[in-house]
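Here's start.cif, which has mmCIF, C-alpha atoms and all ligand atoms:
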```
data_start
loop_
_atom_site.label_atom_id
_atom_site.label_comp_id
_atom_site.auth_asym_id
_atom_site.auth_seq_id
_atom_site.Cartn_x
_atom_site.Cartn_y
_atom_site.Cartn_z
CA MET A 11 3.14 2.35 -16.50
CA ARG A 12 0.54 4.53 -14.84
CA TYR A 13 -2.21 4.20 -12.30
CA LEU A 14 -5.30 6.00 -11.13
CA THR A 15 -7.17 5.69 -7.86
CA ALA A 16 -10.79 6.39 -6.94
CA GLY A 17 -12.69 6.28 -3.68
CA GLU A 18 -13.84 8.35 -0.73
CA SER A 19 -12.46 7.77 2.77
CA HIS A 20 -15.82 6.63 4.19
CA GLY A 21 -17.28 5.40 0.90
CA LYS A 22 -17.75 1.78 -0.11
CA GLN A 23 -14.31 1.04 -1.49
CA LEU A 24 -11.05 2.24 -2.96
CA THR A 25 -10.26 1.27 -6.54
CA THR A 26 -6.88 1.25 -8.28
CA ILE A 27 -6.31 0.67 -11.99
CA ILE A 28 -2.75 -0.01 -13.13
CA GLU A 29 -1.79 0.01 -16.75
CA GLY A 30 1.46 -1.06 -18.39
CA ILE A 31 2.46 -4.10 -16.34
CA PRO A 32 3.83 -6.59 -18.90
CA SER A 33 2.21 -9.99 -19.39
CA ASN A 34 3.31 -13.25 -17.78
CA MET A 35 4.55 -11.75 -14.53
CA PRO A 36 3.68 -13.77 -11.42
CA LEU A 37 1.34 -11.72 -9.19
CA LEU A 38 -0.53 -12.93 -6.13
CA GLN A 39 -3.14 -11.12 -4.06
CA GLU A 40 -1.30 -12.23 -0.88
CA ASP A 41 1.81 -10.23 -1.87
CA ILE A 42 -0.24 -7.06 -2.26
CA ASN A 43 -1.89 -7.67 1.11
CA GLN A 44 1.48 -7.95 2.87
CA SER A 45 2.12 -4.33 1.88
CA LEU A 46 -1.35 -3.20 2.97
CA ILE A 47 -0.89 -4.82 6.38
CA ARG A 48 2.42 -3.01 6.86
CA ARG A 49 0.80 0.37 6.06
CA GLN A 50 -1.76 -0.15 8.82
CA LYS A 51 0.82 -0.74 11.53
CA GLY A 52 2.73 1.82 13.54
CA HIS A 53 2.35 3.66 16.80
CA GLY A 54 0.26 6.85 16.77
CA ARG A 55 -2.65 5.90 14.52
CA GLY A 56 -6.19 6.73 15.62
CA LYS A 57 -9.28 4.53 16.06
CA ARG A 58 -9.94 4.19 12.31
CA MET A 59 -7.08 1.73 11.89
CA GLN A 60 -8.75 -0.58 14.43
CA ILE A 61 -11.84 -0.69 12.20
CA GLU A 62 -10.12 -1.34 8.86
CA LYS A 63 -8.48 -4.65 7.86
CA ASP A 64 -7.15 -3.68 4.44
CA MET A 65 -7.21 -6.47 1.87
CA ALA A 66 -6.95 -6.02 -1.88
CA GLU A 67 -9.01 -8.03 -4.29
CA ILE A 68 -7.65 -8.38 -7.82
CA THR A 69 -10.71 -7.96 -10.03
CA SER A 70 -9.05 -7.77 -13.47
CA GLY A 71 -5.82 -8.27 -15.36
CA VAL A 72 -4.59 -11.48 -13.68
CA ARG A 73 -5.40 -15.16 -14.36
CA HIS A 74 -4.02 -18.15 -12.50
CA GLY A 75 -1.43 -16.00 -10.75
CA TYR A 76 0.01 -14.35 -13.88
CA THR A 77 -0.56 -10.89 -15.37
CA LEU A 78 -2.33 -10.71 -18.73
CA GLY A 79 -0.77 -7.47 -19.99
CA SER A 80 -4.19 -5.81 -19.69
CA PRO A 81 -5.15 -3.24 -17.02
CA ILE A 82 -5.00 -4.58 -13.46
CA ALA A 83 -7.86 -3.48 -11.21
CA LEU A 84 -7.64 -3.74 -7.43
CA VAL A 85 -10.39 -3.11 -4.91
CA ILE A 86 -10.03 -2.44 -1.17
CA HIS A 87 -13.28 -2.34 0.82
CA ASN A 88 -13.75 0.25 3.56
CA ASP A 89 -15.02 -1.59 6.64
CA ASP A 90 -15.99 1.76 8.18
CA PHE A 91 -18.54 2.32 5.37
CA LYS A 92 -21.21 0.47 7.33
CA HIS A 93 -21.13 3.29 9.90
CA TRP A 94 -21.32 5.97 7.21
CA ALA A 95 -23.65 4.40 4.63
CA ASP A 96 -26.42 6.98 5.20
CA ILE A 97 -24.14 9.99 5.23
CA MET A 98 -22.23 8.76 2.16
CA GLY A 99 -25.46 7.75 0.32
CA GLU A 100 -25.66 8.53 -3.36
CA HIS A 101 -29.28 9.76 -3.29
CA PRO A 102 -30.13 13.46 -2.86
CA ILE A 103 -31.12 14.49 0.67
CA HIS A 104 -34.81 15.43 0.76
CA GLU A 105 -36.64 17.82 3.04
CA GLY A 106 -37.45 16.01 6.25
CA ALA A 107 -34.50 13.65 6.06
CA GLU A 108 -32.89 12.83 9.37
CA ARG A 109 -30.88 15.68 10.93
CA LYS A 110 -27.74 13.56 10.86
CA LEU A 111 -27.92 13.36 7.06
CA ARG A 112 -28.48 17.07 6.65
CA ARG A 113 -25.62 18.05 8.97
CA THR A 114 -22.91 19.51 6.78
CA VAL A 115 -19.26 20.22 7.56
CA SER A 116 -18.88 24.00 7.61
CA ARG A 117 -15.81 24.32 9.85
CA PRO A 118 -12.51 24.00 7.96
CA ARG A 119 -9.46 22.55 9.74
CA PRO A 120 -6.27 24.60 9.43
CA GLY A 121 -3.65 22.55 7.59
CA HIS A 122 -6.12 20.24 5.82
CA ALA A 123 -7.62 20.59 2.33
CA ASP A 124 -11.08 21.64 3.63
CA LEU A 125 -11.23 25.38 2.93
CA ASN A 126 -9.24 25.50 -0.32
CA GLY A 127 -11.15 22.51 -1.69
CA ALA A 128 -14.49 24.12 -0.79
CA LEU A 129 -13.52 27.38 -2.50
CA LYS A 130 -12.24 25.58 -5.58
CA TYR A 131 -15.16 23.16 -6.13
CA GLY A 132 -17.92 25.34 -4.64
CA HIS A 133 -18.79 22.80 -1.93
CA ARG A 134 -20.63 24.33 1.02
CA ASP A 135 -20.47 20.89 2.67
CA MET A 136 -16.76 20.31 3.18
CA ARG A 137 -17.35 16.58 3.63
CA ASN A 138 -17.27 16.58 -0.19
CA VAL A 139 -13.64 17.70 0.08
CA LEU A 140 -12.33 15.84 3.10
CA GLU A 141 -13.59 12.46 1.88
CA ARG A 142 -11.22 12.48 -1.07
CA SER A 143 -8.36 14.56 0.34
CA SER A 144 -8.01 12.08 3.22
CA ALA A 145 -4.90 9.92 3.31
CA ARG A 146 -7.20 6.89 3.18
CA GLU A 147 -6.34 7.09 -0.52
CA THR A 148 -2.77 6.06 0.27
CA ALA A 149 -4.03 2.48 0.76
CA ALA A 150 -4.90 2.44 -2.96
CA ARG A 151 -1.48 3.87 -3.81
CA VAL A 152 0.30 1.24 -1.70
CA ALA A 153 -1.65 -1.44 -3.59
CA ALA A 154 -0.35 -0.01 -6.91
CA GLY A 155 3.17 0.29 -5.49
CA SER A 156 3.14 -3.29 -4.25
CA VAL A 157 2.65 -4.49 -7.84
CA ALA A 158 5.62 -2.32 -8.84
CA LYS A 159 7.67 -3.79 -5.98
CA ILE A 160 6.85 -7.32 -7.14
CA LEU A 161 8.00 -6.41 -10.67
CA LEU A 162 11.21 -4.81 -9.39
CA ARG A 163 12.06 -7.71 -7.07
CA GLN A 164 12.02 -10.09 -10.03
CA LEU A 165 14.47 -7.76 -11.79
CA GLY A 166 16.85 -7.86 -8.80
CA ILE A 167 15.77 -4.49 -7.38
CA GLU A 168 14.75 -4.16 -3.72
CA VAL A 169 12.95 -1.18 -2.20
CA SER A 170 12.76 -0.58 1.51
CA GLY A 171 11.17 2.27 3.50
CA TYR A 172 11.57 3.13 7.18
CA VAL A 173 11.28 5.92 9.72
CA LYS A 174 14.34 8.15 10.14
CA GLU A 175 13.01 10.72 12.56
CA ILE A 176 9.91 11.41 14.68
CA GLY A 177 9.31 14.57 16.71
CA GLY A 178 13.03 15.47 16.65
CA ILE A 179 14.24 11.99 17.71
CA ILE A 180 16.62 10.69 15.07
CA ALA A 181 17.04 6.98 14.33
CA ASP A 182 20.41 5.32 13.91
CA ASP A 183 22.26 7.04 11.08
CA GLN A 184 24.75 4.33 10.23
CA PRO A 185 25.18 3.80 6.51
CA ALA A 186 26.63 0.32 7.15
CA PHE A 187 23.25 -1.48 7.13
CA THR A 188 23.15 -4.28 4.62
CA MET A 189 20.01 -4.68 2.49
CA THR A 190 19.03 -7.79 4.44
CA GLU A 191 19.27 -5.83 7.68
CA ARG A 192 17.30 -2.95 6.17
CA GLN A 193 14.52 -5.28 5.06
CA GLN A 194 14.38 -7.05 8.38
CA VAL A 195 14.17 -3.68 10.06
CA SER A 196 11.37 -2.36 7.88
CA GLU A 197 9.38 -5.59 8.08
CA GLU A 198 9.67 -6.08 11.85
CA SER A 199 9.38 -2.44 12.79
CA PRO A 200 9.00 0.68 10.70
CA VAL A 201 11.91 2.42 12.41
CA ARG A 202 15.35 2.07 10.89
CA THR A 203 17.31 1.41 14.02
CA LEU A 204 18.62 -1.66 15.72
CA ASP A 205 18.48 0.32 18.95
CA LYS A 206 15.12 -0.38 20.57
CA ALA A 207 15.63 2.49 23.04
CA VAL A 208 15.42 5.03 20.20
CA GLU A 209 12.21 3.43 18.97
CA GLN A 210 10.80 3.63 22.50
CA ASP A 211 11.74 7.33 22.71
CA MET A 212 9.80 7.92 19.48
CA MET A 213 6.75 6.11 20.83
CA ASP A 214 6.96 8.12 24.05
CA ALA A 215 7.10 11.35 22.04
CA ILE A 216 3.99 10.27 20.11
CA ASP A 217 2.16 9.40 23.36
CA GLN A 218 3.13 12.75 24.87
CA ALA A 219 1.88 14.65 21.80
CA LYS A 220 -1.39 12.73 21.97
CA LYS A 221 -1.73 13.50 25.70
CA ASP A 222 -1.19 17.17 24.90
CA GLY A 223 -3.90 17.03 22.22
CA ASP A 224 -1.19 17.74 19.65
CA SER A 225 0.45 15.91 16.74
CA ILE A 226 4.03 15.37 15.53
CA GLY A 227 5.71 14.75 12.19
CA GLY A 228 9.04 13.37 11.09
CA VAL A 229 11.18 12.00 8.29
CA ALA A 230 10.86 8.78 6.27
CA GLU A 231 13.64 7.33 4.13
CA VAL A 232 13.50 4.99 1.16
CA TYR A 233 16.45 2.92 -0.04
CA VAL A 234 16.46 1.28 -3.49
CA GLU A 235 19.19 -1.22 -4.31
CA GLY A 236 19.95 -2.92 -7.62
CA VAL A 237 18.97 -0.28 -10.20
CA PRO A 238 21.60 -0.23 -12.96
CA ALA A 239 23.38 3.04 -13.85
CA GLY A 240 21.76 5.22 -16.51
CA VAL A 241 18.05 4.85 -15.67
CA GLY A 242 16.20 8.14 -16.22
CA SER A 243 17.51 10.82 -18.58
CA TYR A 244 19.15 14.25 -18.68
CA ALA A 245 17.69 14.80 -22.19
CA GLN A 246 14.39 16.35 -21.12
CA TYR A 247 13.30 17.85 -17.77
CA ASP A 248 10.37 15.50 -17.33
CA ARG A 249 12.48 12.38 -17.87
CA LYS A 250 14.81 13.07 -14.92
CA LEU A 251 14.08 10.23 -12.52
CA ASP A 252 15.12 12.12 -9.38
CA SER A 253 12.64 14.85 -10.27
CA ARG A 254 9.85 12.34 -10.82
CA ILE A 255 10.59 10.69 -7.48
CA ALA A 256 10.68 14.07 -5.72
CA GLY A 257 7.29 15.01 -7.20
CA SER A 258 5.70 11.74 -6.22
CA VAL A 259 7.04 11.95 -2.63
CA VAL A 260 5.58 15.44 -2.16
CA SER A 261 2.27 14.11 -3.51
CA ILE A 262 1.89 12.01 -0.34
CA ASN A 263 -0.52 13.71 2.08
CA ALA A 264 1.34 15.98 4.53
CA PHE A 265 4.78 15.55 2.84
CA LYS A 266 6.53 18.89 2.50
CA GLY A 267 10.08 18.22 1.31
CA VAL A 268 12.50 15.76 -0.27
CA GLU A 269 16.25 15.14 -0.04
CA PHE A 270 18.56 12.81 -1.98
CA GLY A 271 21.71 11.58 -0.24
CA LEU A 272 23.27 14.44 1.74
CA GLY A 273 20.35 16.61 0.64
CA PHE A 274 20.22 20.05 2.27
CA LYS A 275 23.49 19.33 4.10
CA ALA A 276 25.26 19.69 0.71
CA ALA A 277 24.65 23.45 0.91
CA ARG A 278 27.11 23.65 3.82
CA LYS A 279 29.89 21.49 2.30
CA ASN A 280 32.61 21.89 -0.33
CA GLY A 281 32.34 20.08 -3.66
CA SER A 282 35.15 17.70 -2.70
CA GLU A 283 33.01 16.56 0.26
CA VAL A 284 29.87 16.09 -1.82
CA HIS A 285 30.74 14.38 -5.11
CA ASP A 286 31.34 10.64 -5.30
CA GLU A 287 34.67 9.64 -6.87
CA ILE A 288 34.51 7.16 -9.75
CA ALA A 289 36.28 3.77 -9.55
CA TRP A 290 36.39 0.66 -11.76
CA ASP A 291 37.15 -3.04 -11.37
CA GLU A 292 36.74 -6.04 -13.61
CA THR A 293 33.95 -7.71 -11.65
CA ASN A 294 31.70 -4.70 -11.09
CA GLY A 295 32.64 -2.24 -13.83
CA TYR A 296 32.26 1.39 -12.64
CA TYR A 297 31.34 2.02 -9.03
CA ARG A 298 31.65 4.64 -6.25
CA GLU A 299 33.23 4.26 -2.83
CA THR A 300 30.75 6.78 -1.42
CA ASN A 301 27.10 7.58 -2.15
CA ARG A 302 26.74 11.15 -0.93
CA LEU A 303 24.52 12.12 -3.84
CA GLY A 304 22.03 9.35 -3.04
CA GLY A 305 22.30 7.51 -6.35
CA PHE A 306 21.67 10.29 -8.92
CA GLU A 307 23.73 12.38 -11.33
CA GLY A 308 22.10 14.21 -14.24
CA GLY A 309 18.63 12.86 -13.53
CA MET A 310 19.98 9.32 -14.04
CA THR A 311 20.88 6.58 -11.61
CA THR A 312 24.59 6.06 -10.87
CA GLY A 313 24.19 2.37 -10.04
CA MET A 314 24.61 3.17 -6.34
CA PRO A 315 21.55 2.76 -4.09
CA ILE A 316 18.90 5.47 -4.36
CA VAL A 317 18.60 7.10 -0.93
CA VAL A 318 15.69 9.53 -0.63
CA LYS A 319 14.15 11.20 2.40
CA GLY A 320 10.74 12.83 2.73
CA VAL A 321 9.61 15.15 5.51
CA MET A 322 6.09 14.83 6.90
CA LYS A 323 4.50 17.74 8.75
CA PRO A 324 2.48 17.02 11.92
CA ILE A 325 -1.10 15.81 11.34
CA PRO A 326 -3.41 18.85 10.93
CA THR A 327 -6.51 17.54 12.77
CA LEU A 328 -5.86 18.34 16.42
CA TYR A 329 -7.61 17.78 19.74
CA LYS A 330 -5.93 21.00 20.86
CA PRO A 331 -8.05 23.57 19.05
CA LEU A 332 -6.68 25.97 16.45
CA LYS A 333 -8.60 29.05 15.33
CA SER A 334 -10.69 28.83 12.17
CA VAL A 335 -13.80 30.42 10.63
CA ASP A 336 -17.21 28.76 10.08
CA ILE A 337 -18.07 29.23 6.38
CA GLU A 338 -21.82 29.59 7.13
CA SER A 339 -21.82 31.97 10.13
CA LYS A 340 -18.38 33.52 9.36
CA GLU A 341 -17.76 33.34 13.10
CA SER A 342 -14.38 32.45 14.50
CA PHE A 343 -14.30 29.15 16.42
CA ASN A 344 -11.74 26.75 17.87
CA ALA A 345 -11.40 23.74 15.54
CA SER A 346 -11.39 20.49 17.52
CA ILE A 347 -12.18 16.92 16.54
CA GLU A 348 -13.56 13.52 17.43
CA ARG A 349 -10.82 11.20 16.14
CA SER A 350 -7.51 11.47 14.32
CA ASP A 351 -4.01 10.05 14.08
CA SER A 352 -1.48 11.83 16.30
CA CYS A 353 1.49 10.64 14.21
CA ALA A 354 1.42 8.73 10.94
CA VAL A 355 5.13 8.79 10.00
CA PRO A 356 5.53 4.97 10.33
CA ALA A 357 2.57 4.37 7.99
CA ALA A 358 3.80 7.13 5.69
CA SER A 359 7.23 5.47 5.41
CA VAL A 360 5.46 2.42 3.95
CA VAL A 361 3.47 4.68 1.60
CA MET A 362 6.68 6.41 0.47
CA GLU A 363 8.40 3.06 -0.16
CA HIS A 364 5.59 2.02 -2.51
CA ILE A 365 5.36 5.37 -4.26
CA VAL A 366 9.08 5.42 -4.97
CA ALA A 367 8.88 1.79 -6.15
CA PHE A 368 6.20 2.78 -8.67
CA GLU A 369 8.34 5.59 -10.13
CA VAL A 370 11.38 3.30 -10.43
CA ALA A 371 9.33 0.52 -12.06
CA LYS A 372 7.78 3.05 -14.44
CA ALA A 373 11.23 4.32 -15.46
CA MET A 374 12.52 0.75 -15.99
CA THR A 375 9.56 -0.28 -18.17
CA GLU A 376 9.86 2.96 -20.17
CA GLN A 377 13.57 2.50 -20.79
CA PHE A 378 13.37 -1.22 -21.60
CA PRO A 379 9.94 -1.48 -23.20
CA SER A 380 8.48 -4.94 -23.53
CA ASP A 381 4.94 -6.30 -23.50
CA GLN A 382 6.14 -9.56 -21.96
CA PHE A 383 7.80 -9.78 -18.57
CA PRO A 384 10.39 -12.51 -19.44
CA LYS A 385 11.61 -10.35 -22.36
CA LEU A 386 11.81 -7.29 -20.13
CA LYS A 387 13.96 -9.25 -17.70
CA GLN A 388 16.22 -10.50 -20.49
CA THR A 389 16.70 -6.98 -21.92
CA ILE A 390 17.63 -5.63 -18.49
CA ASP A 391 20.07 -8.50 -17.85
CA ASP A 392 21.70 -7.73 -21.23
CA TYR A 393 21.95 -4.03 -20.36
CA ARG A 394 23.56 -4.84 -16.99
CA GLU A 395 26.21 -6.90 -18.79
CA GLU A 396 26.73 -4.18 -21.42
CA ILE A 397 27.45 -1.48 -18.85
CA ARG A 398 29.63 -3.81 -16.79
CA CYS A 399 31.88 -4.27 -19.84
CA PHE A 400 31.68 -0.63 -21.01
C1 LIG B 1 -0.79 7.77 6.49
C2 LIG B 1 -1.36 9.15 6.74
C3 LIG B 1 -2.34 9.31 7.71
C4 LIG B 1 -2.88 10.57 7.96
N1 LIG B 1 -3.81 10.71 8.94
C5 LIG B 1 -4.36 11.92 9.17
C6 LIG B 1 -5.35 12.11 10.20
O1 LIG B 1 -5.73 11.16 10.91
N2 LIG B 1 -5.86 13.34 10.37
C7 LIG B 1 -5.46 14.40 9.61
O2 LIG B 1 -5.95 15.50 9.79
N3 LIG B 1 -4.53 14.26 8.64
C8 LIG B 1 -3.96 13.07 8.40
N4 LIG B 1 -3.02 12.94 7.43
C9 LIG B 1 -2.58 14.13 6.69
C10 LIG B 1 -3.64 14.76 5.79
O3 LIG B 1 -4.19 13.79 4.93
C11 LIG B 1 -3.04 15.91 4.97
O4 LIG B 1 -2.41 16.82 5.81
C12 LIG B 1 -4.13 16.62 4.17
O5 LIG B 1 -4.58 15.76 3.12
C13 LIG B 1 -3.71 17.95 3.55
O6 LIG B 1 -2.69 17.79 2.62
P1 LIG B 1 -1.23 18.47 2.80
O7 LIG B 1 -0.88 18.32 4.24
O8 LIG B 1 -0.34 17.68 1.90
O9 LIG B 1 -1.34 19.90 2.42
C14 LIG B 1 -2.45 11.69 7.19
C15 LIG B 1 -1.44 11.52 6.21
C16 LIG B 1 -0.90 10.26 5.99
C17 LIG B 1 0.17 10.09 4.94
C1 LIG B 2 -8.19 6.04 6.92
C2 LIG B 2 -6.90 6.27 6.92
O1 LIG B 2 -6.31 7.42 7.40
C3 LIG B 2 -7.13 8.51 7.69
C4 LIG B 2 -6.47 9.72 7.11
C5 LIG B 2 -7.14 10.96 7.55
C6 LIG B 2 -6.83 12.19 6.83
O2 LIG B 2 -7.48 13.21 7.11
O3 LIG B 2 -5.92 12.19 5.99
C7 LIG B 2 -8.00 10.97 8.64
C8 LIG B 2 -8.34 9.76 9.43
O4 LIG B 2 -9.56 9.20 8.99
P1 LIG B 2 -10.88 9.23 9.87
O5 LIG B 2 -11.37 10.64 9.80
O6 LIG B 2 -11.81 8.26 9.23
O7 LIG B 2 -10.48 8.83 11.27
C9 LIG B 2 -7.29 8.67 9.20
O8 LIG B 2 -7.69 7.46 9.80
C10 LIG B 2 -5.93 5.30 6.40
O9 LIG B 2 -4.73 5.60 6.46
O10 LIG B 2 -6.35 4.23 5.91
#
```
Before we go any further, please render this structure as structure tokens.
Ligand SMILES: Cc1cc2nc3c(=O)[nH]c(=O)nc-3n(C[C@H](O)[C@H](O)[C@H](O)COP(=O)(O)O)c2cc1C
Ligand SMILES: C=C(O[C@@H]1CC(C(=O)O)=C[C@@H](OP(=O)(O)O)[C@H]1O)C(=O)O
Amino acid sequence: MRYLTAGESHGKQLTTIIEGIPSNMPLLQEDINQSLIRRQKGHGRGKRMQIEKDMAEITSGVRHGYTLGSPIALVIHNDDFKHWADIMGEHPIHEGAERKLRRTVSRPRPGHADLNGALKYGHRDMRNVLERSSARETAARVAAGSVAKILLRQLGIEVSGYVKEIGGIIADDQPAFTMTERQQVSEESPVRTLDKAVEQDMMDAIDQAKKDGDSIGGVAEVYVEGVPAGVGSYAQYDRKLDSRIAGSVVSINAFKGVEFGLGFKAARKNGSEVHDEIAWDETNGYYRETNRLGGFEGGMTTGMPIVVKGVMKPIPTLYKPLKSVDIESKESFNASIERSDSCAVPAASVVMEHIVAFEVAKAMTEQFPSDQFPKLKQTIDDYREEIRCF
């Protein structure tokens, strides 16, 4: 399984092409749209989210609600395009064109891709960089991930993403949540806490940052339940599933780090406090009483839930100006902006959920290859039984 995305933030549309989804799998546009709606929610987003109403259109690869086994193409239209049509136009700008069209972006924002992208691609107009480096692209990635989630759900695997921390305020850390509770939590609210006061504190922190012209980051967590033991491989570095997940999490805009299970806390503990003892019973086969390692040993799943956290830095575009240099005049100036999110951790937790889902689905379809979904399901059911009796 793989996917590619295309599209500029203020261009006409985002396009996603997914390859490798087996045939005869039920897939409805409405299920993809549920995920897109969730990504748009969350306190702290700027005015852009009031303009967009993200909806995916399946343009290829599905007939009568079932996948064909051919590439699946999804399109999401940018409602904001109507305000940018001239600026985003595909025709060259001629002498005498309106000033608005000729105005280029020459002032790079610290923390965004502007300057490095301009240097790399030789763009003197940094709009050519910011249009594609924008996290608008994560809508296309959520669309791809939602197809992966639909595949996984039918194999008995559930993926749930939620906010763990915003601006230093930490959500409920109880490991006792059942999957049903986790799902309810991430569907009703992006914050993993049953304590509404904590959620309110987070929203207050976001409002305060916005008032101060600043931005805040946080931590998102993804929980995957139902993956059998032994998915991924120790045999080659690029087949380790934890490494693939880590790479894909850091590929999300503004994500700077990843932890599995205890994560960085493991550095301050003894081995006896970190490793999960192995147990066995007739009904379940091998299992662990604890899940400190977050579901991975040797690049393979242990059969325990995958628990992965990602840290998001604060949004780089700030109302409070930071010093930068104009690439035309070379003069120092204070970078400030017209609109931006002040915190996007809730939206990013939904993005992370879908990105992790894609990596897990990719590993499952690689390990149990089948062109037809019912056969894939049968092979995985057989494998579950085989390891239960091992
Ligand atoms: C859901 C989401 C929304 C974001 N919104 C903004 C935004 O409004 N303004 C901004 O400057 N950066 C925003 N970012 C972060 C930038 O896209 C990101 O910092 C930039 O692409 C540079 O990449 P890097 O931070 O990974 O180095 C957002 C990120 C995510 C995941
Ligand atoms: C459009 C989305 O996020 C955008 C990500 C983003 C950035 O610089 O990453 C900047 C903002 O865009 P704009 O400059 O149009 O206000 C966000 O709104 C989205 O999440 O769909």
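Nearest residue to A:Glu18, choosing from A:Ala145, A:Met314, A:Val229, A:Ala154 and counting only C-alpha atoms: A:Ala145.
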Exercise for review: Would you list the residues that come within 6 Å of ligand LIG 1 (chain B)? Count all atoms listed in the file and give the answer as a ChimeraX atom specification.
Suggested key: /A:122-123,143-145,262-265,325-327,350-351,354,357-358
Revision key, fill the gap. From the list A:Asn280, A:Gln218, A:Gln210, A:Gln382, the nearest residue to A:Tyr76 using all atoms listed in the file is A:Gln382
Revision key, fill the gap. Expressed in Å, the length from atom CA of A:Ile28 to atom CA of A:Gln388 is 22.9 Å
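The coordinates place atom CA of A:Arg249 at 9.0 Å from atom CA of A:Met310.
In terms of minimum interatomic distance to ligand LIG 2 (chain B), A:Gly17 ranks closest within A:Gly240, A:Gly228, A:Gly17, A:Gly166, counting only C-alpha atoms and all ligand atoms.
Note that atom CA of A:Ser243 and atom CA of A:Gly309 are 5.6 Å apart.
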Exercise for review: List the neighbours of A:Gly223 out to 10 Å using all atoms listed in the file; skip same-chain residues closer than 6 positions along the sequence, and give me the result as a PyMOL selection string.
Suggested key: chain A and resi 217+327-331+346+352
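Checking A:Leu129, A:Ile68, A:Val366, A:Cys353 one by one against A:Ser258, counting only C-alpha atoms, you find the shortest gap at A:Val366.
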